[in-house]
Structure formats: structure tokens, C-alpha cells
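Right, one structure below, let's go through it.
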Amino acid sequence: MKKLKLNQTTRRNYLTYGLVILAYAILQIMNGSLSSSLKGMLVPICAYVVMAVSLNLTVGVLGELSLGHAGFMSMGAFTGVTAAVALQDLIPAAPLRMIVALIVGAAFAALAGFLIGIPVLRLNGDYLAIVTLAFGEIIKSIFNNLYVGVDSSGLHMSLLSDNTNLEEGGKLIIGGPMGIGGIQKISTFTAGFLLVMVTLVVVFHLVNSRAGRAIMAIRDNRIAAESVGVNITKYKMMAFVTSSALAGAAGVLFAMNYSTIVANKFDFNTSILVLVFVVLGGLGNMLGSIIAAAALTILPEALRQFSDYRMLVYAIVLILVMLATNNPTLKAFFGRFKPGKRSGKEAA
Amino acid sequence: MKKKFVSFMMAMVMVLSLAACGGKDSDAPAPENNDAPPATETNDSASGAAFKLGGTGPLTGGAAIYGNAAKNGAQIAVDEINAMGGIQFELKYEDDTHDAEKAVNAYNALKDWGMQLSLGSVTSKPCEATSVMNFEDRIFALTPSASSTGTIEGKDNMFQMCFMDPNQGSASAQYIADKGLGTKIAVIWMSDDPYSKGIRDTFTEKAAELGLEIVSDTTFATGNDTDFSVQLADAQKNGADLVFLPMYYQPASLILAQANAAGYAPKWFGVDGMDGILTMEGFDASLAEGVMLLTPFNADSTDEKTAAFVAEYQKRFNEIPNQFAADAYDCVYAYKQALEAAGATPDMSAEELCAAMIEQFTSMTFDGLTGESMTWDATGAVSKSPKGMVIENGAYVGLD
């Protein structure tokens, strides 16, 4: 009998899983009739969904504004692709190589998240936001000046200029401002879907655990949380590193979908774009993030018919949507369909 | 609430109508927005009998001058060819904002439209991304201006109308050495831009070979590209008599202005990215006096074809065409020549056309605005000779 009385959170989580699986199934069935435009966007959508959900963990659940999320995506993208290229001969099976690349990307992004977290998480609020912004830019600069090559004796690295001195037959993987070129496109929609599912499982389990409640306690009232013995640094770090690792995996997925990536792609604008997904979807609301990320990725393409006014129309639609989702009348209207739905948490 | 919403909608309508007005009377590139669509529409009626030609380029954003120039140049060529009868084209350009991700989206949109032949992408990095799609989908592409090596590497159906970056660097060094333009050279380049770096690397290599001395080698990057006093002071201190600027025209315009303010007047040497500096808004063209650049196209040429193209371009878009426009114009004519030679018809699939085009392009010789007797090798790189230009009285004049 207990089984029927799932609590609201669990019900909403299952609803999210269900909708994602349903969307995947429908898209797979319709695969033949989809336009190439939409088909081409499936993988980037998955990557942005993972980005949005992972940032929602920092912004919505932990309650700290991070403006450097694209930096972790970049970290994952560059390290993951490097791993995939270096292992090309060792692991011929593309799906397996993809998994290894994802793990490497996530691990490096987690490491970056940890290192950045040490100074950053001592701060709060606006200060933290600005510092994450700076770190995002630092990561971008590093990859703009990093040269990595591979030859028979292993990986070579150099900074600022190309001093890798590769042997005959060696290959320059990261070429500073040239980024990575000639990437084998091994990202697939299925890989993207699985990554989204893994992300959701990780995030939901973290949020619904003892640690998750501690993290939310920090968000709601830091002093109260500290006074009852919650280790602030530990839990903040836990959320931050998880969020970075997932962003790194999203970066790998994204990069492996294009034949070329440059560090400048993962700049401040990309961080803000992801933040827009999160805010639009509702802080702490994972399903909202997923829908917002998918919708806002498709929107600029759907507006191609407006040609030169495309970005203007996009901005206007964005303003309208932001106003509409914050409209109390509309909120009450949607609230009627979902009796259990809590309204989005206000930013701390 | 209702009232609020209504007033908001009114505001929206006003913004849109303002924006629509803005397009008509604002700066020079705008008129093409109003001119181009009717031309495309007339072609639409001939659908089925026309080859569908698609390309992506930055029509908005920082690199928009290139994308719009290429689009305009191609449009003129298409209209001319369609007016002649015979082979008919239908042209469509999609915006990629100089971003690989958007370029792939734009490419897919063109594929949905039914593109048979592609003009690739205008700028290098986006083109590297779309060229892979071209290769996979077997849609033949001839890019007007994507100059990096990665664009054509390993893709048998990807061809270039412009020089490759490395060739530009070595050609510039060769030119400087041959003409004895300078002995002590300073290079200022953009460290996070593949285009700039590609040229600079081969330039320094070739310069060392030719015995040109590089006395100052300084960089800048996106974000700190507004103050060049350190770089210029370094060049001046080391006594450079020629400064090589492998970069696009926006930073170059600032360098010229700041050198002028500092009273430093070496010889300036640029590359094809510098093209466009004269039509840049808010730039005092007199500062560019005496700047030399290597570009395959000279708008002041007395050559009949060039003169006709420049006149038409000026009439339609109210500005002097740059190299990108000429390259795109040449691309369309090269397609025409190849299609005629192959006896291709518009009802052929993209894949059939691709095979025919590869065969034609590797064997034909083409005379265009940007070079005489151009040929392509199997890699897709073009072979043509660059022309040295110098800016005099606000216009390009051939150096030779």
C-alpha cells in the first residue's frame, strides 16, 4: 500500500524520466520523417539539456549563481576529445570510445570544479558569481594557448606556442586558437539521451539524499544550517563538483558532434545562455530546465524565415516568455493541472 | 492584467515597425536586404528548372561584412546568369553568425530546402564544420573565402576559390622580399584567431628563409583588442620599417589610428582580411593611405568584367565590392562553366552533380575576377597569383 503513496517529489521525478523517455521514443520512431534541420539539433539539444540540469544543481539547489559554467563544458570538451583522438587506435569501437571520452571529460571537469571550488566557495552571492565568471574566462584563455599533440611516445604539451616537436606521423590535437579540428563525429542521439538520463538520475538522487537536504538547507539559511552542524564547505563542494562533472560530459557530447571546436565557443555568452535555460525553466525545476533548453535551442532555427530580424524576434519571444512564466494568473492556471507542483524557488 | 498585456503587445508592434524602418534608411549593407529577396523570389518561380545553390555565412554579427559581401556578389552573378538564359540558378544564403554550431544548423536548413550545390561557408571555422557535412552528404562545395587548410583536408568534394592561409603568409613574405619593401619587419597578430595565426606562422617561416629580419613579434587576443600602444611601441623601439598585420580589418583599423596618434609611420602590409577597411563605418579612410595588401581582387581594375561587376555592385548596394564579393561571384561563374561542360541538368541529384563537379573542377581552367587561368588540384586548393594593392586616395591601386 505504501507504494501508491509516492511523495510529490518522487512523482515529479518519475514524470521527468517518463517524459524524457517518451520524447526519445517518439523521435526515434519519427526518425525517418524528421527534417535534417531538426535531426542536426538533437545532439546539441541533449548537450544543452545536460548543461541546464547541471547548472540548475548549482543555481537552483545550492543557490549560488555561477556564471562560468561554459568553462567546465570547455574543459570536458577539450580533454574528452583529446582522449578520444589519442585512443583512436586502441579502442576501435566508437560507442566504447565515446564512453571513455565522456568519463575522461567529466573527470577533468570535476577536477577543475574542485580546484576552482576551493577559493570560490569561500564566497557568497554576487562575489561568487563574479569569480566564477573570471574562472570561465581563464579556462577559455588556457585552451586558446594550449598545444597538445600525440605521437608514438605519448602526449606532448606546450603553452603559448607550438613546441610539441612531434615525431614523424604525430598528430597535433589541440592547436591553440585553432582549437581541435578533424574530430570524428561519434556523438549520437542515443548517447545524448543516455547522458541526459544519467544526469537526471545523478541529480535526483543527490537532491533526494541526506546530502541534498543539507545542500538545500545551506541555500535556505546558511547560518541556521551551520549552527546545526552542516559542513558548509563539504556540501557546497559536493554540489559544485557534481555540477562541473556533468557539464564536462555535456561538453564532450557537444564537441564530438562537430568536426571542429574552438575555445572561444565556450565563452561568457554560452554560460549566460545556459543560465537563461535554467531561469526560464524555473530554479530547482529540472523538467523546466529540460524543456527550456530544448525550446530555446530550436527557437532561433525555427525563426530562420524572419532572416535579418531573427535575433530581434528571438529576444522579443524570450522577453514575452519570461513575462508569461512569471505571470501569477498563468501560474495559477498551470497550477490547477499539477496540484502538487510547488512554484519555483526564489533565488537566494 | 489584460491591460498590461495589451500595452505590451503594442510596444512589441512598435519595436518591430521601428526595426523594419531601420533597415531601409540605415547604413550601406542594409539595402541588399530589401533588394535580394525579390530576386530570389523571381527565381523561385523557375523552381525545378534551376540548380539550387546554397551557402552559409555571417550575415549578422562581427564578421557580417564578409557574409553579406559574399551573398551580394553571388546574387549578382546568379541574376546575370539567369538573365542570359541557359543554366538557371536559385540562390539561398543562411546566417551562421561565424559560429560552427550555427553553421551546421544553417547547412541543415539549406539541405531541407533541397540544396544541390553548395557555396560552403564564408569564414574558415564554420566551413570546417560544414565541409564535413558536405563530404558526408556528398553535396559538392566550392567556398568563396574559407581559407584554412582544415576546410579542404581529406574531403574530395570540397574546393576553395581563395588562397589557403599558409599560402598567403608565404606569398606576402615573398612579395615583400621581391619588391624590397622592408628589411626590418614587425608582426602584430591575433593569438586566438586561427586565420591570423595561420598566416603569421608561414610568414615568419618564409621570412627567415628569405633573409627578412623580424624585429618585433607581438600579439593580442579577443577582449584586449582595443589598445595597441604596447605592440606599436615595441615595433617602433626595434626600428621596424614595415609592420605586417595578418588580421581582419577591425583591429587593423585601430592599429592604424593609434599609430597615427603616436606619430609612428612605418609601411603597413596587410592580408585579404584587411579588405573592407575602407568601407568600415566610423573609420577615417585617410589613415589607411599607403597601406599595402595582398589580395587577388582589385576593384579599380580597368578590366572589362571587373568594371562591369563593380558598377553593378555599386548600383545595387551602394558600396565598392571587396574580395569576398568577387570570390563569391567567381564561384557562381565557375559552377556555370563546370555545369555546362558536364552537361548537367537541374533534375540531377546532389550526388550525381557531386561526381560530375569533382571531375570538372580538377580538369578545367577558369578565368574570373580574382585571377586568370585558375586551376584546382585534387585536394581542392586553387592555384592563382595574388595581386599587390596599395591604398591611394581611399581606393585600391595595383602595386605593379
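Chains: A, B, ... in order of the C-alpha cells. Residues: from 1 per chain. Ligands: from 1, in order shown.
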
Inset, instruction - Could you please select, counting only C-alpha atoms, the residues of chain A within 10 Å of chain B and state them as a PyMOL selection string? - result: chain A and resi 34-41+44+141+143-145+160-161+175-179+181-185+254-255+257-265+298+300-302+304-305+307-313+316-317+320+323-324+327-329

Requested write-out: C-alpha atoms of the selected residues, as a PDB file, in the first residue's frame:
ATOM      1  CA  LEU A  34      12.284  14.452 -39.329  1.00  0.00           C
ATOM      2  CA  SER A  35      13.807  17.354 -41.214  1.00  0.00           C
ATOM      3  CA  SER A  36      17.603  17.355 -41.366  1.00  0.00           C
ATOM      4  CA  SER A  37      17.493  20.664 -39.548  1.00  0.00           C
ATOM      5  CA  LEU A  38      15.856  19.079 -36.508  1.00  0.00           C
ATOM      6  CA  LYS A  39      17.931  15.932 -36.777  1.00  0.00           C
ATOM      7  CA  GLY A  40      21.071  18.011 -36.677  1.00  0.00           C
ATOM      8  CA  MET A  41      19.921  19.685 -33.493  1.00  0.00           C
ATOM      9  CA  PRO A  44      23.249  19.756 -29.229  1.00  0.00           C
ATOM     10  CA  SER A 141      42.341  31.597 -22.316  1.00  0.00           C
ATOM     11  CA  PHE A 143      42.683  26.434 -24.137  1.00  0.00           C
ATOM     12  CA  ASN A 144      43.328  29.278 -26.547  1.00  0.00           C
ATOM     13  CA  ASN A 145      47.033  28.959 -25.793  1.00  0.00           C
ATOM     14  CA  LEU A 160      51.699  29.810 -25.854  1.00  0.00           C
ATOM     15  CA  SER A 161      53.422  28.468 -28.938  1.00  0.00           C
ATOM     16  CA  GLY A 175      46.190  23.720 -31.841  1.00  0.00           C
ATOM     17  CA  GLY A 176      45.841  26.770 -29.613  1.00  0.00           C
ATOM     18  CA  PRO A 177      43.404  29.236 -31.188  1.00  0.00           C
ATOM     19  CA  MET A 178      42.703  26.743 -33.960  1.00  0.00           C
ATOM     20  CA  GLY A 179      41.090  24.512 -31.351  1.00  0.00           C
ATOM     21  CA  GLY A 181      39.891  20.112 -35.998  1.00  0.00           C
ATOM     22  CA  GLY A 182      39.068  16.927 -37.824  1.00  0.00           C
ATOM     23  CA  ILE A 183      37.156  15.361 -34.939  1.00  0.00           C
ATOM     24  CA  GLN A 184      35.476  12.081 -35.730  1.00  0.00           C
ATOM     25  CA  LYS A 185      31.814  12.639 -35.110  1.00  0.00           C
ATOM     26  CA  PHE A 254      28.713  18.587 -27.819  1.00  0.00           C
ATOM     27  CA  ALA A 255      32.257  18.594 -29.206  1.00  0.00           C
ATOM     28  CA  ASN A 257      29.025  16.191 -32.655  1.00  0.00           C
ATOM     29  CA  TYR A 258      31.033  18.728 -34.662  1.00  0.00           C
ATOM     30  CA  SER A 259      34.153  18.175 -36.642  1.00  0.00           C
ATOM     31  CA  THR A 260      35.763  21.235 -35.115  1.00  0.00           C
ATOM     32  CA  ILE A 261      35.626  23.196 -31.864  1.00  0.00           C
ATOM     33  CA  VAL A 262      37.361  26.339 -30.676  1.00  0.00           C
ATOM     34  CA  ALA A 263      37.796  27.598 -27.123  1.00  0.00           C
ATOM     35  CA  ASN A 264      36.027  30.842 -27.971  1.00  0.00           C
ATOM     36  CA  LYS A 265      32.796  28.917 -28.451  1.00  0.00           C
ATOM     37  CA  ILE A 298      15.142  25.088 -31.539  1.00  0.00           C
ATOM     38  CA  PRO A 300      16.428  30.501 -33.338  1.00  0.00           C
ATOM     39  CA  GLU A 301      16.348  27.864 -36.077  1.00  0.00           C
ATOM     40  CA  ALA A 302      12.575  27.938 -36.298  1.00  0.00           C
ATOM     41  CA  ARG A 304      15.039  31.474 -39.848  1.00  0.00           C
ATOM     42  CA  GLN A 305      12.203  32.707 -42.013  1.00  0.00           C
ATOM     43  CA  SER A 307      16.013  36.301 -41.800  1.00  0.00           C
ATOM     44  CA  ASP A 308      17.549  39.566 -40.618  1.00  0.00           C
ATOM     45  CA  TYR A 309      15.108  40.125 -37.783  1.00  0.00           C
ATOM     46  CA  ARG A 310      15.667  36.637 -36.438  1.00  0.00           C
ATOM     47  CA  MET A 311      17.680  37.581 -33.369  1.00  0.00           C
ATOM     48  CA  LEU A 312      15.389  40.504 -32.619  1.00  0.00           C
ATOM     49  CA  VAL A 313      12.354  38.240 -32.739  1.00  0.00           C
ATOM     50  CA  ILE A 316      11.273  39.511 -28.009  1.00  0.00           C
ATOM     51  CA  VAL A 317       9.988  35.966 -27.678  1.00  0.00           C
ATOM     52  CA  LEU A 320       7.466  37.505 -23.603  1.00  0.00           C
ATOM     53  CA  LEU A 323       6.978  37.665 -18.502  1.00  0.00           C
ATOM     54  CA  ALA A 324       4.413  34.979 -19.172  1.00  0.00           C
ATOM     55  CA  ASN A 327       2.585  35.953 -14.591  1.00  0.00           C
ATOM     56  CA  PRO A 328       0.580  34.986 -11.470  1.00  0.00           C
ATOM     57  CA  THR A 329      -2.611  34.382 -13.464  1.00  0.00           C
TER      58      THR A 329
END

Inset, instruction - Just the alpha helix (DSSP H) stuff from stretch 147-291 of chain A, please, per backbone DSSP, written as a ChimeraX atom specification. - result: /A:189-207,210-220,222-227,232-255,268-281,286-291

Same residues, C-alpha atoms, output as a compact mmCIF listing (two decimals), in the first residue's frame:
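Output file selection-v1.txt follows:
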# COMPACT_ATOMS: atom_id res chain seq x y z
CA PHE A 189 21.29 10.93 -30.25
CA THR A 190 21.18 7.71 -28.27
CA ALA A 191 24.39 8.66 -26.47
CA GLY A 192 22.87 12.07 -25.78
CA PHE A 193 19.68 10.52 -24.44
CA LEU A 194 21.61 8.17 -22.17
CA LEU A 195 23.68 11.05 -20.87
CA VAL A 196 20.53 13.03 -20.10
CA MET A 197 19.13 10.03 -18.21
CA VAL A 198 22.34 9.52 -16.26
CA THR A 199 22.39 13.22 -15.42
CA LEU A 200 18.82 13.10 -14.16
CA VAL A 201 19.48 10.01 -12.06
CA VAL A 202 22.58 11.61 -10.53
CA VAL A 203 20.92 14.93 -9.84
CA PHE A 204 17.66 13.50 -8.46
CA HIS A 205 19.48 11.06 -6.23
CA LEU A 206 21.76 13.75 -4.93
CA VAL A 207 18.89 16.14 -4.27
CA ARG A 210 20.77 13.37 3.07
CA ALA A 211 23.45 15.40 1.29
CA GLY A 212 20.84 17.02 -0.92
CA ARG A 213 18.80 18.13 2.06
CA ALA A 214 21.94 19.57 3.61
CA ILE A 215 22.66 21.45 0.37
CA MET A 216 19.16 22.88 0.33
CA ALA A 217 19.45 23.80 3.96
CA ILE A 218 22.55 25.83 3.08
CA ARG A 219 20.62 27.54 0.33
CA ASP A 220 17.67 28.39 2.55
CA ARG A 222 23.33 29.24 5.72
CA ILE A 223 23.71 30.33 9.30
CA ALA A 224 20.97 28.03 10.56
CA ALA A 225 22.47 25.14 8.61
CA GLU A 226 25.89 25.83 10.05
CA SER A 227 24.50 26.09 13.56
CA ILE A 232 29.05 24.02 4.60
CA THR A 233 32.23 23.66 2.55
CA LYS A 234 31.81 19.93 2.07
CA TYR A 235 28.25 20.10 0.80
CA LYS A 236 28.80 23.14 -1.32
CA MET A 237 31.77 21.42 -2.89
CA MET A 238 29.75 18.28 -3.45
CA ALA A 239 27.10 20.13 -5.44
CA PHE A 240 29.62 22.25 -7.31
CA VAL A 241 31.85 19.35 -8.37
CA THR A 242 28.89 17.21 -9.44
CA SER A 243 27.62 20.09 -11.47
CA SER A 244 31.02 20.63 -13.14
CA ALA A 245 31.47 16.95 -13.93
CA LEU A 246 28.10 16.79 -15.66
CA ALA A 247 28.91 19.95 -17.59
CA GLY A 248 32.18 18.35 -18.69
CA ALA A 249 30.32 15.32 -20.01
CA ALA A 250 27.94 17.65 -21.85
CA GLY A 251 30.97 19.34 -23.40
CA VAL A 252 32.29 16.01 -24.70
CA LEU A 253 28.92 15.17 -26.19
CA PHE A 254 28.71 18.59 -27.82
CA ALA A 255 32.26 18.59 -29.21
CA PHE A 268 30.64 34.08 -21.34
CA ASN A 269 27.74 34.11 -23.81
CA THR A 270 27.38 30.36 -23.63
CA SER A 271 27.37 30.49 -19.82
CA ILE A 272 24.63 33.09 -19.92
CA LEU A 273 22.66 31.10 -22.48
CA VAL A 274 22.64 28.11 -20.14
CA LEU A 275 21.68 30.36 -17.25
CA VAL A 276 18.75 31.59 -19.33
CA PHE A 277 17.58 27.99 -19.76
CA VAL A 278 17.74 27.50 -16.00
CA VAL A 279 15.96 30.70 -15.08
CA LEU A 280 13.30 30.18 -17.73
CA GLY A 281 12.70 26.59 -16.66
CA MET A 286 14.73 20.03 -13.65
CA LEU A 287 11.87 19.30 -16.03
CA GLY A 288 11.55 23.02 -16.67
CA SER A 289 15.26 23.23 -17.50
CA ILE A 290 14.94 20.39 -19.98
CA ILE A 291 12.00 21.94 -21.75

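When only C-alpha atoms are used to measure the gap to A:Ala294, the shortest distance among A:Gly18, A:Leu133, A:Asn7, A:Cys46 belongs to A:Cys46.
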
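The smallest atom-to-atom distance between B:Thr143 and any of B:Gly398, B:Gly62, B:Gly54, B:Gly85, using only C-alpha atoms, is found for B:Gly54.
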
Legend entry - Test item, strand (DSSP E or B) assignment across stretch 81-257 of chain B, answer as an MDAnalysis selection string: chainID B and resid 89:95 117:121 141:143 158:160 184:190 213:220 242:245

Inset, instruction - Fewer than 4 positions away in the same chain doesn't count, so skip those; otherwise give me all residues within 7 Å of stretch 267-270 of chain B, counting only C-alpha atoms, as a VMD selection string. - result: chain B and resid 241 to 246 274 291 to 294

Inset, instruction - Write out as a list in words which residues come within 8 Å of stretch 249-256 of chain B when counting only C-alpha atoms, dropping same-chain ones fewer than 5 positions away. - result: Asp225, Thr226, Asp227, Phe228, Leu232, Gly273, Met274, Asp275, Gly276, Ile277, Phe283, Leu287 and Ala288 of chain B

With N, CA, C and O atoms retained, write the just-selected residues as a PDB file, in the first residue's frame.
ATOM      1  N   ASP B 225      41.624  43.788 -27.525  1.00  0.00           N
ATOM      2  CA  ASP B 225      41.965  44.205 -28.878  1.00  0.00           C
ATOM      3  C   ASP B 225      41.584  45.659 -29.146  1.00  0.00           C
ATOM      4  O   ASP B 225      41.178  46.020 -30.231  1.00  0.00           O
ATOM      5  N   THR B 226      41.686  46.491 -28.103  1.00  0.00           N
ATOM      6  CA  THR B 226      41.362  47.897 -28.324  1.00  0.00           C
ATOM      7  C   THR B 226      42.563  48.818 -28.116  1.00  0.00           C
ATOM      8  O   THR B 226      42.612  49.901 -28.660  1.00  0.00           O
ATOM      9  N   ASP B 227      43.535  48.375 -27.319  1.00  0.00           N
ATOM     10  CA  ASP B 227      44.697  49.221 -27.076  1.00  0.00           C
ATOM     11  C   ASP B 227      45.948  48.524 -27.596  1.00  0.00           C
ATOM     12  O   ASP B 227      46.306  47.446 -27.142  1.00  0.00           O
ATOM     13  N   PHE B 228      46.610  49.168 -28.557  1.00  0.00           N
ATOM     14  CA  PHE B 228      47.768  48.535 -29.184  1.00  0.00           C
ATOM     15  C   PHE B 228      49.056  49.309 -28.902  1.00  0.00           C
ATOM     16  O   PHE B 228      50.035  49.149 -29.610  1.00  0.00           O
ATOM     17  N   LEU B 232      52.734  48.592 -30.616  1.00  0.00           N
ATOM     18  CA  LEU B 232      53.284  49.598 -31.519  1.00  0.00           C
ATOM     19  C   LEU B 232      54.596  50.157 -30.984  1.00  0.00           C
ATOM     20  O   LEU B 232      55.548  50.367 -31.734  1.00  0.00           O
ATOM     21  N   GLY B 273      42.111  39.770 -45.246  1.00  0.00           N
ATOM     22  CA  GLY B 273      41.151  40.112 -44.195  1.00  0.00           C
ATOM     23  C   GLY B 273      41.062  41.617 -43.975  1.00  0.00           C
ATOM     24  O   GLY B 273      40.109  42.136 -43.403  1.00  0.00           O
ATOM     25  N   MET B 274      42.077  42.321 -44.426  1.00  0.00           N
ATOM     26  CA  MET B 274      42.124  43.773 -44.297  1.00  0.00           C
ATOM     27  C   MET B 274      41.130  44.421 -45.252  1.00  0.00           C
ATOM     28  O   MET B 274      40.707  45.563 -45.070  1.00  0.00           O
ATOM     29  N   ASP B 275      40.801  43.681 -46.291  1.00  0.00           N
ATOM     30  CA  ASP B 275      39.851  44.162 -47.276  1.00  0.00           C
ATOM     31  C   ASP B 275      38.556  44.482 -46.552  1.00  0.00           C
ATOM     32  O   ASP B 275      38.060  43.682 -45.787  1.00  0.00           O
ATOM     33  N   GLY B 276      38.000  45.645 -46.797  1.00  0.00           N
ATOM     34  CA  GLY B 276      36.784  46.040 -46.098  1.00  0.00           C
ATOM     35  C   GLY B 276      37.042  47.228 -45.205  1.00  0.00           C
ATOM     36  O   GLY B 276      36.125  47.874 -44.713  1.00  0.00           O
ATOM     37  N   ILE B 277      38.329  47.537 -44.984  1.00  0.00           N
ATOM     38  CA  ILE B 277      38.676  48.621 -44.069  1.00  0.00           C
ATOM     39  C   ILE B 277      38.172  49.962 -44.598  1.00  0.00           C
ATOM     40  O   ILE B 277      37.781  50.838 -43.829  1.00  0.00           O
ATOM     41  N   PHE B 283      35.431  54.831 -39.639  1.00  0.00           N
ATOM     42  CA  PHE B 283      36.880  54.775 -39.813  1.00  0.00           C
ATOM     43  C   PHE B 283      37.301  55.853 -40.805  1.00  0.00           C
ATOM     44  O   PHE B 283      36.714  56.002 -41.871  1.00  0.00           O
ATOM     45  N   LEU B 287      43.526  57.396 -42.928  1.00  0.00           N
ATOM     46  CA  LEU B 287      44.540  56.723 -42.118  1.00  0.00           C
ATOM     47  C   LEU B 287      45.100  55.508 -42.836  1.00  0.00           C
ATOM     48  O   LEU B 287      46.204  55.054 -42.562  1.00  0.00           O
ATOM     49  N   ALA B 288      44.312  54.966 -43.739  1.00  0.00           N
ATOM     50  CA  ALA B 288      44.736  53.752 -44.435  1.00  0.00           C
ATOM     51  C   ALA B 288      45.562  54.079 -45.677  1.00  0.00           C
ATOM     52  O   ALA B 288      45.955  53.180 -46.402  1.00  0.00           O
TER      53      ALA B 288
END

Inset, instruction - Take atom CA of B:Val215 and atom CA of B:Gly182 and report the distance between them in Å, one decimal. - result: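 It comes out at 11.6 Å.
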
Name all residues at most 10 Å from A:Ala129 (count only C-alpha atoms; drop same-chain ones fewer than 6 positions away) and give them as a PDB file with C-alpha atoms, in the first residue's frame.
ATOM      1  CA  GLU A  64      24.780  30.076  -5.799  1.00  0.00           C
ATOM      2  CA  LEU A  65      24.893  31.931  -9.077  1.00  0.00           C
ATOM      3  CA  SER A  66      27.582  30.519 -11.369  1.00  0.00           C
ATOM      4  CA  LEU A  67      28.471  32.474 -14.490  1.00  0.00           C
ATOM      5  CA  GLY A  68      31.305  30.260 -15.653  1.00  0.00           C
ATOM      6  CA  VAL A 120      35.343  30.236  -4.998  1.00  0.00           C
ATOM      7  CA  LEU A 123      32.485  33.441  -1.224  1.00  0.00           C
TER       8      LEU A 123
END

Legend entry - Selected residue, from B:Gln168, B:Asn72, B:Gly223, B:Ser286, that lies nearest to A:Asp267 when counting only C-alpha atoms: B:Gly223
